[in-house]
Structures are given as C-alpha cells and as structure tokens.
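A.B. asks: I am attaching a structure below and will ask some questions about it afterwards.
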Protein chains: 2
Amino acid sequence: MSSEPTPPYVAVIFTSRLNAATCRDPREYEEMSVRMEQLASEQPGFLGVESARRTDGTGITVSYWVTTEDAVAWKRVHKHREAQARGRTEWYESYKVRIATVGREYAGPD
Amino acid sequence: MSSEPTPPYVAVIFTSRLNAATCRDPREYEEMSVRMEQLASEQPGFLGVESARRTDGTGITVSYWVTTEDAVAWKRVHKHREAQARGRTEWYESYKVRIATVGREYAGPD
C-alpha cells in the first residue's frame, strides 16, 4: 500500500485467468500490467495495489481506493479502457471484478 | 468459487510475505495451505477461495463467506488457529487481513 488508510475504504478484487497464448508469451500483457499499475497510482483516491499470479495463469489483483466513485472513475480512464478492451479480446480467458468495502483490518505478526 | 453467490457477501483478503527461510523451502507451508483450504471449504458459510503468490514471496488469498460471522468463526477453528500460530512464528515475515463486504460484481468477457 502506498499509504495506510483506515477503514472504511474500497477494495476492487480482480481475479482472472490468462488464455493459453498469453501464458506462453505474457510479455505484452505484463508490460501493460506494469503501465496500468503506474497509471492507477496517479488517479484520485488511489490507495495501493497488490497483485500475484499462479503459474497456471490464475491471477488476483486487488486495488484500494478511498471511495467507490474513485474506483469507478479509474475504470473509465481512457487508456485503462483501451487496456480492458485488449484484455477481453487478447489476454483473458475469463475474469471477475468484485467491488467491496473494507470494514475491518489487522496486521501481523505483532 | 464453489458456488455463485450474489452480493452482498463477505471477502477476507489475506495478503502476506513469506520469510526468506520459507521462500527457500516452502514445502511445509504449502502442505499446510492445501490442508487449510480444504478445511475452510468444510466450514459453514464458505463460498470459495482463490490464492496466488509471486516468486518474491508476496501472496494474496481471498476467501468468500456468506456472513462476517462465518468468516470470524473460521478464524477461530482450532486447527486453523494452530496454522495461524505457525504462520506467525515460522512462515510469514508480515501479513495483513482485511474483512470486506462485496457489494457489486461482474464477470467477462461476455
């Protein structure tokens, strides 16, 4: 996290499965992912992003935002829309987006 | 997901960083992770779990539950408590748990 907010704040949970072609050669996809994380970090209300992917192509990215409106505004940013379109047509076999409100949190080990 | 719930439901976002020793030899940790995912799937209110980890040891596990009470009850299951204790003392450099309510979701490509 680029800052340490206190709840409530918004988490966008993006789970995806890359298609076979992208698993074989993920370079363009990975370059775009890096660019989108950078661009996200410049948006109003951005709190942080965490991302991990399994070798089978299943990935989880969670981005954190001050408000739902901030998360929705990021979805509509032009270059992000272009990346989403390429994701749908070129990279993802499937994906799911969940918009959630973080109500409680704790960290460890203490 | 083992079922397809409709919002609202609960997502527990567990992000962690393995310590160096666990990164070098993650076998015990991974065996425990598999056992805990199995045990979680047997608990009341369990909806599903998704997990991914980076080669640098950073991981994200999101488990989904019908209610916050279901998620809290899972945290208190005896064998899960034992696993949490080993996580704190043996496996994790750091971790964070966020309890969130999923309010909206969508999937693709359509």
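By convention in this document, the chains of the structure tokens carry letters A, B, ... by their order, each chain's residues are numbered from 1, and ligands are numbered from 1 in the order they are shown.
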Using only C-alpha atoms and a distance of at most 8 Å, pull out the residues of chain A that contact chain B, as a list in words.

C.D. replies: Ala11, Glu50, Ser51, Ala52, Arg53, Arg54, Thr58, Gly59, Ile60, Arg88, Thr89, Tyr92, Glu93, Ser94, Tyr95, Lys96, Val97, Arg98, Ile99, Ala100, Thr101, Val102, Gly103, Arg104, Glu105, Tyr106, Ala107, Gly108 and Pro109 of chain A

A.B. asks: Take chain B, lay it over chain A with a least-squares fit on all the Cα atoms in order, then hand it over as an mmCIF file with N, CA and C atoms, in the first residue's frame.

C.D. replies:
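Output saved as superposed.cif:
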data_model
loop_
_atom_site.group_PDB
_atom_site.id
_atom_site.type_symbol
_atom_site.label_atom_id
_atom_site.label_comp_id
_atom_site.auth_asym_id
_atom_site.auth_seq_id
_atom_site.Cartn_x
_atom_site.Cartn_y
_atom_site.Cartn_z
ATOM 1 N N MET B 1 0.840 -1.166 0.046
ATOM 2 C CA MET B 1 -0.011 0.022 0.013
ATOM 3 C C MET B 1 0.876 1.255 0.019
ATOM 4 N N SER B 2 0.472 2.247 -0.773
ATOM 5 C CA SER B 2 1.256 3.463 -0.850
ATOM 6 C C SER B 2 0.961 4.374 0.336
ATOM 7 N N SER B 3 -0.092 4.066 1.092
ATOM 8 C CA SER B 3 -0.405 4.815 2.298
ATOM 9 C C SER B 3 -1.118 3.852 3.227
ATOM 10 N N GLU B 4 -1.410 4.288 4.434
ATOM 11 C CA GLU B 4 -2.051 3.385 5.384
ATOM 12 C C GLU B 4 -3.399 3.945 5.789
ATOM 13 N N PRO B 5 -4.396 3.716 4.964
ATOM 14 C CA PRO B 5 -5.725 4.244 5.272
ATOM 15 C C PRO B 5 -6.354 3.449 6.404
ATOM 16 N N THR B 6 -7.375 4.006 7.010
ATOM 17 C CA THR B 6 -8.164 3.251 7.970
ATOM 18 C C THR B 6 -9.534 2.991 7.342
ATOM 19 N N PRO B 7 -10.102 1.813 7.626
ATOM 20 C CA PRO B 7 -11.419 1.486 7.080
ATOM 21 C C PRO B 7 -12.459 2.500 7.560
ATOM 22 N N PRO B 8 -13.545 2.697 6.804
ATOM 23 C CA PRO B 8 -13.840 2.005 5.556
ATOM 24 C C PRO B 8 -13.132 2.616 4.345
ATOM 25 N N TYR B 9 -12.707 1.720 3.433
ATOM 26 C CA TYR B 9 -12.245 2.135 2.115
ATOM 27 C C TYR B 9 -12.630 1.017 1.146
ATOM 28 N N VAL B 10 -12.313 1.208 -0.124
ATOM 29 C CA VAL B 10 -12.831 0.298 -1.143
ATOM 30 C C VAL B 10 -11.727 -0.605 -1.684
ATOM 31 N N ALA B 11 -12.035 -1.880 -1.840
ATOM 32 C CA ALA B 11 -11.128 -2.838 -2.478
ATOM 33 C C ALA B 11 -11.792 -3.356 -3.749
ATOM 34 N N VAL B 12 -11.076 -3.275 -4.860
ATOM 35 C CA VAL B 12 -11.551 -3.872 -6.107
ATOM 36 C C VAL B 12 -10.754 -5.158 -6.318
ATOM 37 N N ILE B 13 -11.442 -6.280 -6.214
ATOM 38 C CA ILE B 13 -10.806 -7.594 -6.320
ATOM 39 C C ILE B 13 -10.989 -8.073 -7.758
ATOM 40 N N PHE B 14 -9.879 -8.136 -8.484
ATOM 41 C CA PHE B 14 -9.921 -8.539 -9.894
ATOM 42 C C PHE B 14 -9.244 -9.907 -9.994
ATOM 43 N N THR B 15 -10.026 -10.935 -10.285
ATOM 44 C CA THR B 15 -9.451 -12.261 -10.483
ATOM 45 C C THR B 15 -9.566 -12.616 -11.954
ATOM 46 N N SER B 16 -8.552 -13.268 -12.476
ATOM 47 C CA SER B 16 -8.537 -13.525 -13.920
ATOM 48 C C SER B 16 -7.803 -14.816 -14.236
ATOM 49 N N ARG B 17 -8.096 -15.327 -15.417
ATOM 50 C CA ARG B 17 -7.352 -16.458 -15.948
ATOM 51 C C ARG B 17 -6.856 -16.056 -17.334
ATOM 52 N N LEU B 18 -5.555 -16.099 -17.530
ATOM 53 C CA LEU B 18 -4.986 -15.786 -18.842
ATOM 54 C C LEU B 18 -5.301 -16.909 -19.820
ATOM 55 N N ASN B 19 -5.447 -16.569 -21.097
ATOM 56 C CA ASN B 19 -5.637 -17.630 -22.092
ATOM 57 C C ASN B 19 -4.284 -18.312 -22.394
ATOM 58 N N ALA B 20 -4.348 -19.400 -23.122
ATOM 59 C CA ALA B 20 -3.142 -20.227 -23.327
ATOM 60 C C ALA B 20 -2.056 -19.454 -24.067
ATOM 61 N N ALA B 21 -2.449 -18.664 -25.063
ATOM 62 C CA ALA B 21 -1.457 -17.917 -25.837
ATOM 63 C C ALA B 21 -0.719 -16.917 -24.949
ATOM 64 N N THR B 22 -1.441 -16.280 -24.042
ATOM 65 C CA THR B 22 -0.823 -15.297 -23.149
ATOM 66 C C THR B 22 0.074 -15.986 -22.125
ATOM 67 N N CYS B 23 -0.335 -17.174 -21.677
ATOM 68 C CA CYS B 23 0.520 -17.931 -20.755
ATOM 69 C C CYS B 23 1.850 -18.273 -21.427
ATOM 70 N N ARG B 24 1.795 -18.617 -22.724
ATOM 71 C CA ARG B 24 3.030 -18.974 -23.436
ATOM 72 C C ARG B 24 3.931 -17.757 -23.617
ATOM 73 N N ASP B 25 3.331 -16.626 -23.914
ATOM 74 C CA ASP B 25 4.128 -15.411 -24.125
ATOM 75 C C ASP B 25 3.424 -14.232 -23.455
ATOM 76 N N PRO B 26 3.704 -14.023 -22.171
ATOM 77 C CA PRO B 26 2.971 -12.989 -21.429
ATOM 78 C C PRO B 26 3.601 -11.604 -21.525
ATOM 79 N N ARG B 27 4.595 -11.390 -22.403
ATOM 80 C CA ARG B 27 5.362 -10.141 -22.327
ATOM 81 C C ARG B 27 4.512 -8.886 -22.538
ATOM 82 N N GLU B 28 3.707 -8.877 -23.608
ATOM 83 C CA GLU B 28 2.887 -7.679 -23.858
ATOM 84 C C GLU B 28 1.910 -7.450 -22.708
ATOM 85 N N TYR B 29 1.311 -8.554 -22.253
ATOM 86 C CA TYR B 29 0.374 -8.453 -21.134
ATOM 87 C C TYR B 29 1.067 -7.884 -19.886
ATOM 88 N N GLU B 30 2.252 -8.396 -19.609
ATOM 89 C CA GLU B 30 2.954 -7.947 -18.400
ATOM 90 C C GLU B 30 3.382 -6.489 -18.494
ATOM 91 N N GLU B 31 3.812 -6.091 -19.692
ATOM 92 C CA GLU B 31 4.172 -4.682 -19.879
ATOM 93 C C GLU B 31 2.957 -3.783 -19.632
ATOM 94 N N MET B 32 1.806 -4.213 -20.163
ATOM 95 C CA MET B 32 0.591 -3.424 -19.965
ATOM 96 C C MET B 32 0.218 -3.392 -18.482
ATOM 97 N N SER B 33 0.375 -4.513 -17.780
ATOM 98 C CA SER B 33 0.043 -4.548 -16.356
ATOM 99 C C SER B 33 0.868 -3.532 -15.577
ATOM 100 N N VAL B 34 2.153 -3.468 -15.891
ATOM 101 C CA VAL B 34 3.033 -2.514 -15.209
ATOM 102 C C VAL B 34 2.579 -1.088 -15.501
ATOM 103 N N ARG B 35 2.256 -0.817 -16.791
ATOM 104 C CA ARG B 35 1.819 0.537 -17.154
ATOM 105 C C ARG B 35 0.508 0.892 -16.459
ATOM 106 N N MET B 36 -0.394 -0.079 -16.363
ATOM 107 C CA MET B 36 -1.693 0.206 -15.738
ATOM 108 C C MET B 36 -1.548 0.420 -14.226
ATOM 109 N N GLU B 37 -0.660 -0.339 -13.577
ATOM 110 C CA GLU B 37 -0.456 -0.107 -12.140
ATOM 111 C C GLU B 37 0.118 1.299 -11.919
ATOM 112 N N GLN B 38 1.015 1.718 -12.803
ATOM 113 C CA GLN B 38 1.586 3.060 -12.697
ATOM 114 C C GLN B 38 0.500 4.111 -12.896
ATOM 115 N N LEU B 39 -0.318 3.916 -13.936
ATOM 116 C CA LEU B 39 -1.378 4.888 -14.244
ATOM 117 C C LEU B 39 -2.418 4.925 -13.117
ATOM 118 N N ALA B 40 -2.762 3.758 -12.584
ATOM 119 C CA ALA B 40 -3.714 3.710 -11.466
ATOM 120 C C ALA B 40 -3.192 4.531 -10.291
ATOM 121 N N SER B 41 -1.894 4.420 -10.036
ATOM 122 C CA SER B 41 -1.307 5.090 -8.862
ATOM 123 C C SER B 41 -1.371 6.614 -8.978
ATOM 124 N N GLU B 42 -1.638 7.108 -10.200
ATOM 125 C CA GLU B 42 -1.718 8.562 -10.410
ATOM 126 C C GLU B 42 -3.153 9.083 -10.311
ATOM 127 N N GLN B 43 -4.126 8.189 -10.084
ATOM 128 C CA GLN B 43 -5.540 8.598 -10.091
ATOM 129 C C GLN B 43 -5.983 9.103 -8.721
ATOM 130 N N PRO B 44 -6.993 9.985 -8.712
ATOM 131 C CA PRO B 44 -7.546 10.462 -7.439
ATOM 132 C C PRO B 44 -8.084 9.291 -6.603
ATOM 133 N N GLY B 45 -7.784 9.302 -5.333
ATOM 134 C CA GLY B 45 -8.332 8.313 -4.428
ATOM 135 C C GLY B 45 -7.592 6.988 -4.398
ATOM 136 N N PHE B 46 -6.520 6.860 -5.173
ATOM 137 C CA PHE B 46 -5.749 5.606 -5.185
ATOM 138 C C PHE B 46 -5.035 5.413 -3.847
ATOM 139 N N LEU B 47 -5.160 4.209 -3.279
ATOM 140 C CA LEU B 47 -4.498 3.912 -2.009
ATOM 141 C C LEU B 47 -3.410 2.863 -2.136
ATOM 142 N N GLY B 48 -3.500 2.007 -3.168
ATOM 143 C CA GLY B 48 -2.486 0.968 -3.317
ATOM 144 C C GLY B 48 -2.982 -0.138 -4.218
ATOM 145 N N VAL B 49 -2.074 -1.032 -4.594
ATOM 146 C CA VAL B 49 -2.458 -2.176 -5.424
ATOM 147 C C VAL B 49 -1.531 -3.344 -5.088
ATOM 148 N N GLU B 50 -2.078 -4.545 -5.083
ATOM 149 C CA GLU B 50 -1.307 -5.756 -4.818
ATOM 150 C C GLU B 50 -1.705 -6.789 -5.852
ATOM 151 N N SER B 51 -0.745 -7.545 -6.334
ATOM 152 C CA SER B 51 -1.015 -8.430 -7.454
ATOM 153 C C SER B 51 -0.157 -9.691 -7.352
ATOM 154 N N ALA B 52 -0.733 -10.825 -7.720
ATOM 155 C CA ALA B 52 0.022 -12.087 -7.753
ATOM 156 C C ALA B 52 -0.627 -12.993 -8.781
ATOM 157 N N ARG B 53 0.180 -13.868 -9.372
ATOM 158 C CA ARG B 53 -0.355 -14.778 -10.388
ATOM 159 C C ARG B 53 0.271 -16.153 -10.218
ATOM 160 N N ARG B 54 -0.536 -17.182 -10.419
ATOM 161 C CA ARG B 54 -0.070 -18.568 -10.370
ATOM 162 C C ARG B 54 0.530 -18.937 -11.717
ATOM 163 N N THR B 55 1.366 -19.947 -11.719
ATOM 164 C CA THR B 55 1.964 -20.385 -12.983
ATOM 165 C C THR B 55 0.912 -20.960 -13.926
ATOM 166 N N ASP B 56 -0.259 -21.351 -13.400
ATOM 167 C CA ASP B 56 -1.323 -21.856 -14.278
ATOM 168 C C ASP B 56 -2.113 -20.728 -14.950
ATOM 169 N N GLY B 57 -1.728 -19.451 -14.695
ATOM 170 C CA GLY B 57 -2.384 -18.341 -15.361
ATOM 171 C C GLY B 57 -3.488 -17.681 -14.557
ATOM 172 N N THR B 58 -3.767 -18.185 -13.358
ATOM 173 C CA THR B 58 -4.779 -17.593 -12.493
ATOM 174 C C THR B 58 -4.163 -16.461 -11.686
ATOM 175 N N GLY B 59 -4.761 -15.297 -11.743
ATOM 176 C CA GLY B 59 -4.194 -14.143 -11.050
ATOM 177 C C GLY B 59 -5.195 -13.406 -10.205
ATOM 178 N N ILE B 60 -4.679 -12.706 -9.200
ATOM 179 C CA ILE B 60 -5.492 -11.864 -8.335
ATOM 180 C C ILE B 60 -4.810 -10.502 -8.244
ATOM 181 N N THR B 61 -5.548 -9.454 -8.545
ATOM 182 C CA THR B 61 -5.082 -8.088 -8.321
ATOM 183 C C THR B 61 -6.115 -7.394 -7.452
ATOM 184 N N VAL B 62 -5.664 -6.804 -6.358
ATOM 185 C CA VAL B 62 -6.563 -6.032 -5.515
ATOM 186 C C VAL B 62 -6.072 -4.595 -5.505
ATOM 187 N N SER B 63 -6.935 -3.671 -5.940
ATOM 188 C CA SER B 63 -6.594 -2.248 -5.845
ATOM 189 C C SER B 63 -7.481 -1.618 -4.783
ATOM 190 N N TYR B 64 -6.924 -0.611 -4.115
ATOM 191 C CA TYR B 64 -7.596 0.009 -2.973
ATOM 192 C C TYR B 64 -7.833 1.482 -3.274
ATOM 193 N N TRP B 65 -9.022 1.960 -2.911
ATOM 194 C CA TRP B 65 -9.468 3.313 -3.264
ATOM 195 C C TRP B 65 -10.190 3.943 -2.087
ATOM 196 N N VAL B 66 -10.177 5.277 -2.046
ATOM 197 C CA VAL B 66 -10.862 5.979 -0.960
ATOM 198 C C VAL B 66 -12.367 5.744 -1.044
ATOM 199 N N THR B 67 -12.929 5.881 -2.252
ATOM 200 C CA THR B 67 -14.383 5.722 -2.419
ATOM 201 C C THR B 67 -14.690 4.850 -3.645
ATOM 202 N N THR B 68 -15.920 4.346 -3.700
ATOM 203 C CA THR B 68 -16.380 3.604 -4.875
ATOM 204 C C THR B 68 -16.294 4.482 -6.121
ATOM 205 N N GLU B 69 -16.616 5.767 -5.989
ATOM 206 C CA GLU B 69 -16.567 6.687 -7.125
ATOM 207 C C GLU B 69 -15.147 6.758 -7.691
ATOM 208 N N ASP B 70 -14.146 6.755 -6.820
ATOM 209 C CA ASP B 70 -12.751 6.761 -7.297
ATOM 210 C C ASP B 70 -12.467 5.498 -8.118
ATOM 211 N N ALA B 71 -12.935 4.359 -7.622
ATOM 212 C CA ALA B 71 -12.694 3.090 -8.335
ATOM 213 C C ALA B 71 -13.404 3.092 -9.689
ATOM 214 N N VAL B 72 -14.639 3.589 -9.714
ATOM 215 C CA VAL B 72 -15.399 3.640 -10.969
ATOM 216 C C VAL B 72 -14.740 4.607 -11.952
ATOM 217 N N ALA B 73 -14.248 5.742 -11.445
ATOM 218 C CA ALA B 73 -13.585 6.716 -12.319
ATOM 219 C C ALA B 73 -12.339 6.105 -12.961
ATOM 220 N N TRP B 74 -11.597 5.320 -12.208
ATOM 221 C CA TRP B 74 -10.407 4.637 -12.762
ATOM 222 C C TRP B 74 -10.811 3.666 -13.874
ATOM 223 N N LYS B 75 -11.906 2.957 -13.679
ATOM 224 C CA LYS B 75 -12.381 2.036 -14.719
ATOM 225 C C LYS B 75 -12.627 2.778 -16.038
ATOM 226 N N ARG B 76 -12.977 4.066 -15.953
ATOM 227 C CA ARG B 76 -13.376 4.835 -17.136
ATOM 228 C C ARG B 76 -12.236 5.633 -17.768
ATOM 229 N N VAL B 77 -11.071 5.617 -17.164
ATOM 230 C CA VAL B 77 -9.931 6.362 -17.738
ATOM 231 C C VAL B 77 -9.613 5.786 -19.125
ATOM 232 N N HIS B 78 -9.407 6.679 -20.098
ATOM 233 C CA HIS B 78 -9.312 6.261 -21.497
ATOM 234 C C HIS B 78 -8.271 5.159 -21.727
ATOM 235 N N LYS B 79 -7.048 5.359 -21.273
ATOM 236 C CA LYS B 79 -6.008 4.349 -21.516
ATOM 237 C C LYS B 79 -6.306 3.044 -20.778
ATOM 238 N N HIS B 80 -7.018 3.148 -19.667
ATOM 239 C CA HIS B 80 -7.422 1.940 -18.953
ATOM 240 C C HIS B 80 -8.513 1.203 -19.732
ATOM 241 N N ARG B 81 -9.425 1.959 -20.330
ATOM 242 C CA ARG B 81 -10.444 1.339 -21.186
ATOM 243 C C ARG B 81 -9.798 0.585 -22.346
ATOM 244 N N GLU B 82 -8.776 1.190 -22.940
ATOM 245 C CA GLU B 82 -8.075 0.525 -24.045
ATOM 246 C C GLU B 82 -7.446 -0.783 -23.562
ATOM 247 N N ALA B 83 -6.838 -0.742 -22.377
ATOM 248 C CA ALA B 83 -6.225 -1.958 -21.820
ATOM 249 C C ALA B 83 -7.285 -3.018 -21.522
ATOM 250 N N GLN B 84 -8.423 -2.579 -20.995
ATOM 251 C CA GLN B 84 -9.510 -3.522 -20.713
ATOM 252 C C GLN B 84 -9.983 -4.208 -21.995
ATOM 253 N N ALA B 85 -10.068 -3.420 -23.081
ATOM 254 C CA ALA B 85 -10.524 -3.993 -24.357
ATOM 255 C C ALA B 85 -9.525 -5.042 -24.858
ATOM 256 N N ARG B 86 -8.234 -4.746 -24.743
ATOM 257 C CA ARG B 86 -7.234 -5.740 -25.155
ATOM 258 C C ARG B 86 -7.298 -6.965 -24.248
ATOM 259 N N GLY B 87 -7.540 -6.747 -22.971
ATOM 260 C CA GLY B 87 -7.689 -7.865 -22.048
ATOM 261 C C GLY B 87 -8.811 -8.801 -22.472
ATOM 262 N N ARG B 88 -9.950 -8.206 -22.799
ATOM 263 C CA ARG B 88 -11.107 -9.020 -23.191
ATOM 264 C C ARG B 88 -10.851 -9.799 -24.480
ATOM 265 N N THR B 89 -10.188 -9.151 -25.449
ATOM 266 C CA THR B 89 -10.068 -9.773 -26.773
ATOM 267 C C THR B 89 -8.787 -10.584 -26.938
ATOM 268 N N GLU B 90 -7.716 -10.223 -26.185
ATOM 269 C CA GLU B 90 -6.428 -10.857 -26.456
ATOM 270 C C GLU B 90 -5.877 -11.710 -25.311
ATOM 271 N N TRP B 91 -6.119 -11.302 -24.058
ATOM 272 C CA TRP B 91 -5.340 -11.878 -22.966
ATOM 273 C C TRP B 91 -6.096 -12.802 -22.013
ATOM 274 N N TYR B 92 -7.352 -12.440 -21.700
ATOM 275 C CA TYR B 92 -8.051 -13.183 -20.648
ATOM 276 C C TYR B 92 -8.966 -14.256 -21.208
ATOM 277 N N GLU B 93 -8.879 -15.429 -20.609
ATOM 278 C CA GLU B 93 -9.897 -16.446 -20.872
ATOM 279 C C GLU B 93 -11.168 -16.077 -20.111
ATOM 280 N N SER B 94 -10.989 -15.593 -18.894
ATOM 281 C CA SER B 94 -12.134 -15.152 -18.090
ATOM 282 C C SER B 94 -11.635 -14.225 -16.991
ATOM 283 N N TYR B 95 -12.526 -13.426 -16.457
ATOM 284 C CA TYR B 95 -12.171 -12.582 -15.315
ATOM 285 C C TYR B 95 -13.426 -12.248 -14.525
ATOM 286 N N LYS B 96 -13.195 -11.794 -13.316
ATOM 287 C CA LYS B 96 -14.307 -11.368 -12.460
ATOM 288 C C LYS B 96 -13.840 -10.161 -11.649
ATOM 289 N N VAL B 97 -14.708 -9.189 -11.512
ATOM 290 C CA VAL B 97 -14.409 -7.984 -10.743
ATOM 291 C C VAL B 97 -15.412 -7.896 -9.603
ATOM 292 N N ARG B 98 -14.892 -7.717 -8.404
ATOM 293 C CA ARG B 98 -15.766 -7.531 -7.236
ATOM 294 C C ARG B 98 -15.402 -6.203 -6.582
ATOM 295 N N ILE B 99 -16.417 -5.382 -6.325
ATOM 296 C CA ILE B 99 -16.195 -4.111 -5.632
ATOM 297 C C ILE B 99 -16.666 -4.294 -4.196
ATOM 298 N N ALA B 100 -15.729 -4.114 -3.264
ATOM 299 C CA ALA B 100 -16.001 -4.436 -1.866
ATOM 300 C C ALA B 100 -15.607 -3.268 -0.964
ATOM 301 N N THR B 101 -16.267 -3.185 0.163
ATOM 302 C CA THR B 101 -15.931 -2.173 1.162
ATOM 303 C C THR B 101 -15.221 -2.849 2.328
ATOM 304 N N VAL B 102 -13.983 -2.410 2.583
ATOM 305 C CA VAL B 102 -13.216 -2.960 3.701
ATOM 306 C C VAL B 102 -13.716 -2.315 4.985
ATOM 307 N N GLY B 103 -14.202 -3.154 5.894
ATOM 308 C CA GLY B 103 -14.765 -2.643 7.135
ATOM 309 C C GLY B 103 -13.835 -2.809 8.322
ATOM 310 N N ARG B 104 -12.955 -3.832 8.261
ATOM 311 C CA ARG B 104 -12.033 -4.109 9.379
ATOM 312 C C ARG B 104 -10.737 -4.618 8.791
ATOM 313 N N GLU B 105 -9.661 -4.419 9.525
ATOM 314 C CA GLU B 105 -8.383 -4.969 9.081
ATOM 315 C C GLU B 105 -7.467 -5.119 10.278
ATOM 316 N N TYR B 106 -6.521 -6.045 10.159
ATOM 317 C CA TYR B 106 -5.473 -6.167 11.163
ATOM 318 C C TYR B 106 -4.245 -6.755 10.500
ATOM 319 N N ALA B 107 -3.108 -6.507 11.128
ATOM 320 C CA ALA B 107 -1.838 -6.931 10.537
ATOM 321 C C ALA B 107 -1.033 -7.722 11.555
ATOM 322 N N GLY B 108 -0.029 -8.453 11.065
ATOM 323 C CA GLY B 108 0.822 -9.204 11.959
ATOM 324 C C GLY B 108 2.128 -9.544 11.284
ATOM 325 N N PRO B 109 3.011 -10.338 11.900
ATOM 326 C CA PRO B 109 2.923 -10.712 13.308
ATOM 327 C C PRO B 109 3.201 -9.493 14.187
ATOM 328 N N ASP B 110 2.594 -9.446 15.360
ATOM 329 C CA ASP B 110 2.794 -8.287 16.243
ATOM 330 C C ASP B 110 3.926 -8.584 17.212
#

A.B. asks: Which of range 36-68 of chain B end up as strand (DSSP E) when DSSP is run on this backbone - answer as a list in words?

C.D. replies: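 Reading the DSSP output for range 36-68 of chain B, strand (DSSP E) covers Phe46, Leu47, Gly48, Val49, Glu50, Ser51, Ala52, Arg53, Thr58, Gly59, Ile60, Thr61, Val62, Ser63, Tyr64 and Trp65 of chain B.
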
A.B. asks: As a ChimeraX atom specification, list the residues of range 10-92 of chain B assigned to helix (DSSP H, G or I) by DSSP on the backbone atoms of this structure.

C.D. replies: /B:20-24,27-41,68-76,78-91
